[in-house]
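Next comes input-v5.pdb, with PDB, C-alpha atoms.
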ATOM      1  CA  MET A  26     -14.630   8.961  22.530
ATOM      2  CA  ASP A  27     -18.383   9.134  22.623
ATOM      3  CA  LYS A  28     -19.039   6.527  19.960
ATOM      4  CA  LEU A  29     -17.246   3.249  19.380
ATOM      5  CA  SER A  30     -17.365   0.867  16.437
ATOM      6  CA  THR A  31     -17.476  -2.893  16.707
ATOM      7  CA  ILE A  32     -15.258  -5.237  14.719
ATOM      8  CA  THR A  33     -16.249  -8.866  14.257
ATOM      9  CA  ALA A  34     -13.572 -11.275  13.086
ATOM     10  CA  LYS A  35     -13.410 -15.025  12.649
ATOM     11  CA  ILE A  36     -10.301 -16.324  14.418
ATOM     12  CA  ASP A  37      -8.948 -19.836  14.817
ATOM     13  CA  PRO A  38      -9.961 -20.745  18.402
ATOM     14  CA  ILE A  39      -6.576 -22.292  19.240
ATOM     15  CA  LEU A  40      -4.708 -19.214  18.005
ATOM     16  CA  LYS A  41      -7.096 -16.962  19.940
ATOM     17  CA  ALA A  42      -6.574 -18.895  23.175
ATOM     18  CA  GLU A  43      -2.776 -18.877  22.767
ATOM     19  CA  VAL A  44      -2.689 -15.155  22.027
ATOM     20  CA  GLU A  45      -5.006 -14.320  24.917
ATOM     21  CA  ILE A  46      -2.493 -15.938  27.301
ATOM     22  CA  ILE A  47       0.281 -13.767  25.869
ATOM     23  CA  PHE A  48      -1.879 -10.655  26.180
ATOM     24  CA  GLN A  49      -2.783 -11.565  29.777
ATOM     25  CA  ASP A  50       0.930 -11.685  30.610
ATOM     26  CA  MET A  51       1.161  -8.170  29.166
ATOM     27  CA  ASP A  52      -1.943  -6.986  31.085
ATOM     28  CA  LEU A  53      -3.738  -6.385  27.779
ATOM     29  CA  SER A  54      -7.200  -7.432  26.723
ATOM     30  CA  MET A  55      -7.846  -8.598  23.181
ATOM     31  CA  ASN A  56      -9.646  -5.283  22.678
ATOM     32  CA  ASP A  57      -6.596  -3.314  23.921
ATOM     33  CA  ALA A  58      -4.263  -5.275  21.653
ATOM     34  CA  ILE A  59      -6.428  -4.726  18.590
ATOM     35  CA  ASN A  60      -6.640  -1.012  19.342
ATOM     36  CA  LEU A  61      -2.842  -0.829  19.739
ATOM     37  CA  PHE A  62      -2.439  -2.589  16.407
ATOM     38  CA  LEU A  63      -4.797  -0.162  14.673
ATOM     39  CA  VAL A  64      -3.010   2.865  16.187
ATOM     40  CA  GLN A  65       0.302   1.546  14.865
ATOM     41  CA  VAL A  66      -1.175   0.980  11.400
ATOM     42  CA  LYS A  67      -2.365   4.577  11.442
ATOM     43  CA  ARG A  68       1.069   5.868  12.560
ATOM     44  CA  CYS A  69       2.962   3.812   9.979
ATOM     45  CA  ASN A  70       0.346   4.211   7.284
ATOM     46  CA  ALA A  71       1.059   0.513   6.717
ATOM     47  CA  LEU A  72       1.336  -2.713   8.669
ATOM     48  CA  PRO A  73       3.686  -2.124  11.618
ATOM     49  CA  PHE A  74       5.814  -5.149  10.746
ATOM     50  CA  GLU A  75       7.357  -6.748   7.682
ATOM     51  CA  THR A  76       5.254  -9.311   5.862
ATOM     52  CA  GLY A  77       7.873 -10.630   3.466
ATOM     53  CA  VAL A  78       8.593 -14.316   3.211
ATOM     54  CA  PRO A  79      12.296 -15.225   3.367
ATOM     55  CA  ASN A  80      13.812 -16.855   0.294
ATOM     56  CA  LYS A  81      14.958 -20.482   0.478
ATOM     57  CA  GLN A  82      18.550 -19.630   1.451
ATOM     58  CA  THR A  83      17.497 -17.242   4.229
ATOM     59  CA  ASP A  84      14.859 -19.674   5.490
ATOM     60  CA  GLU A  85      17.458 -22.440   5.712
ATOM     61  CA  ALA A  86      19.888 -20.143   7.547
ATOM     62  CA  ILE A  87      17.166 -19.195  10.039
ATOM     63  CA  ASN A  88      16.298 -22.857  10.651
ATOM     64  CA  GLN A  89      19.960 -23.775  11.126
ATOM     65  CA  ALA A  90      20.480 -20.896  13.558
ATOM     66  CA  ARG A  91      17.437 -21.955  15.589
ATOM     67  CA  LYS A  92      18.883 -25.467  15.800
ATOM     68  CA  GLY A  93      22.384 -24.166  16.614
ATOM     69  CA  ILE A  94      23.883 -25.741  13.470
ATOM     70  CA  ASP A  95      27.210 -24.256  12.317
ATOM     71  CA  MET A  96      27.012 -21.491  14.895
ATOM     72  CA  ILE A  97      30.160 -19.670  15.918
ATOM     73  CA  VAL A  98      29.936 -18.700  19.570
ATOM     74  CA  CYS A  99      31.885 -15.681  20.781
ATOM     75  CA  ASP A 100      32.739 -14.724  24.330
ATOM     76  CA  ASN A 101      32.491 -10.998  23.630
ATOM     77  CA  GLU A 102      32.814  -8.453  20.827
ATOM     78  CA  ASN A 103      36.618  -8.670  20.768
ATOM     79  CA  ASP A 104      36.403 -12.433  20.372
ATOM     80  CA  MET A 105      33.870 -11.955  17.586
ATOM     81  CA  PHE A 106      36.103  -9.496  15.702
ATOM     82  CA  LYS A 107      39.062 -11.870  16.104
ATOM     83  CA  LYS A 108      37.054 -14.798  14.714
ATOM     84  CA  LEU A 109      35.885 -12.597  11.836
ATOM     85  CA  GLY A 110      39.459 -11.549  11.122
ATOM     86  CA  ILE A 111      38.729  -7.874  11.685
TER      87      ILE A 111
END
Translate this structure into C-alpha coordinates?
Amino acid sequence: MDKLSTITAKIDPILKAEVEIIFQDMDLSMNDAINLFLVQVKRCNALPFETGVPNKQTDEAINQARKGIDMIVCDNENDMFKKLGI
(Lines of atoms letter the chains of each structure in order from A and count residues from 1; the text may use other names and numbers.)
(Lines give C-alpha, C1' and ligand atoms only; values in the text may rest on other atoms or scores of the structure.)
Protein backbone atom coordinates (compact mmCIF):
# COMPACT_ATOMS: atom_id res chain seq x y z
CA MET A 1 0.00 0.00 0.00
CA ASP A 2 1.58 3.21 -1.15
CA LYS A 3 -1.19 5.53 -0.02
CA LEU A 4 -3.24 5.38 3.15
CA SER A 5 -6.41 7.22 4.12
CA THR A 6 -7.08 8.70 7.52
CA ILE A 7 -10.30 8.21 9.46
CA THR A 8 -11.26 10.62 12.22
CA ALA A 9 -13.95 9.52 14.65
CA LYS A 10 -15.36 10.95 17.85
CA ILE A 11 -15.33 8.24 20.52
CA ASP A 12 -16.40 8.30 24.15
CA PRO A 13 -13.06 8.57 26.02
CA ILE A 14 -14.03 5.97 28.64
CA LEU A 15 -15.06 3.46 25.96
CA LYS A 16 -11.84 4.16 24.04
CA ALA A 17 -9.67 3.57 27.11
CA GLU A 18 -11.50 0.33 27.98
CA VAL A 19 -11.24 -0.99 24.44
CA GLU A 20 -7.57 -0.07 24.15
CA ILE A 21 -6.85 -2.30 27.16
CA ILE A 22 -8.63 -5.19 25.47
CA PHE A 23 -6.73 -4.59 22.24
CA GLN A 24 -3.42 -4.42 24.14
CA ASP A 25 -4.15 -7.87 25.58
CA MET A 26 -4.62 -9.04 21.99
CA ASP A 27 -1.42 -7.30 20.81
CA LEU A 28 -3.50 -5.05 18.55
CA SER A 29 -3.36 -1.31 18.13
CA MET A 30 -6.54 0.68 17.65
CA ASN A 31 -5.44 1.11 14.03
CA ASP A 32 -5.02 -2.68 13.59
CA ALA A 33 -8.44 -3.35 15.12
CA ILE A 34 -10.17 -0.82 12.89
CA ASN A 35 -8.47 -2.28 9.82
CA LEU A 36 -9.54 -5.80 10.85
CA PHE A 37 -13.10 -4.56 11.27
CA LEU A 38 -13.10 -2.96 7.82
CA VAL A 39 -11.68 -6.12 6.20
CA GLN A 40 -14.47 -8.16 7.78
CA VAL A 41 -17.11 -5.70 6.58
CA LYS A 42 -15.70 -6.06 3.08
CA ARG A 43 -15.71 -9.89 3.30
CA CYS A 44 -19.25 -10.05 4.67
CA ASN A 45 -20.52 -7.17 2.59
CA ALA A 46 -22.25 -6.21 5.85
CA LEU A 47 -21.45 -5.73 9.51
CA PRO A 48 -19.60 -8.83 10.74
CA PHE A 49 -21.97 -9.29 13.68
CA GLU A 50 -25.69 -9.19 14.36
CA THR A 51 -27.14 -5.84 15.37
CA GLY A 52 -30.62 -6.98 16.36
CA VAL A 53 -32.06 -6.11 19.72
CA PRO A 54 -33.59 -9.06 21.60
CA ASN A 55 -37.32 -8.92 22.31
CA LYS A 56 -38.53 -8.57 25.90
CA GLN A 57 -38.84 -12.33 26.50
CA THR A 58 -35.36 -13.09 25.14
CA ASP A 59 -33.84 -10.16 27.04
CA GLU A 60 -35.36 -11.43 30.29
CA ALA A 61 -34.09 -14.97 29.61
CA ILE A 62 -30.59 -13.62 28.96
CA ASN A 63 -30.64 -11.60 32.19
CA GLN A 64 -31.88 -14.59 34.19
CA ALA A 65 -29.19 -16.83 32.70
CA ARG A 66 -26.48 -14.30 33.56
CA LYS A 67 -27.75 -14.26 37.15
CA GLY A 68 -28.06 -18.07 37.27
CA ILE A 69 -31.83 -17.92 37.89
CA ASP A 70 -33.76 -21.11 37.06
CA MET A 71 -30.69 -22.72 35.52
CA ILE A 72 -30.54 -26.47 35.16
CA VAL A 73 -26.97 -27.65 35.61
CA CYS A 74 -25.88 -30.87 33.93
CA ASP A 75 -22.82 -32.96 34.65
CA ASN A 76 -22.39 -34.00 31.02
CA GLU A 77 -24.35 -34.51 27.81
CA ASN A 78 -25.93 -37.76 29.02
CA ASP A 79 -27.16 -36.00 32.14
CA MET A 80 -28.53 -33.19 29.98
CA PHE A 81 -30.43 -35.60 27.71
CA LYS A 82 -31.83 -37.39 30.77
CA LYS A 83 -33.03 -34.11 32.29
CA LEU A 84 -34.56 -33.15 28.94
CA GLY A 85 -36.31 -36.51 28.73
CA ILE A 86 -34.59 -37.45 25.48
From the set A:Phe48, A:Ala71, A:Asn60, A:Met55, which residue has the shortest atom-to-atom contact distance to Leu29 in chain A, counting all atoms listed in the file?
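Of A:Phe48, A:Ala71, A:Asn60, A:Met55, the one nearest Leu29 in chain A is A:Asn60, counting all atoms listed in the file.
Across the model, the gap from CA of Gly110 in chain A to CA of Asp84 in chain A is 26.5 Å.
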Neighbours of Leu72 in chain A within 10 Å (all atoms listed in the file; same-chain residues fewer than 5 positions away dropped), as a list of chain:residue names?
A:Phe62, A:Leu63, A:Gln65, A:Val66, A:Lys67
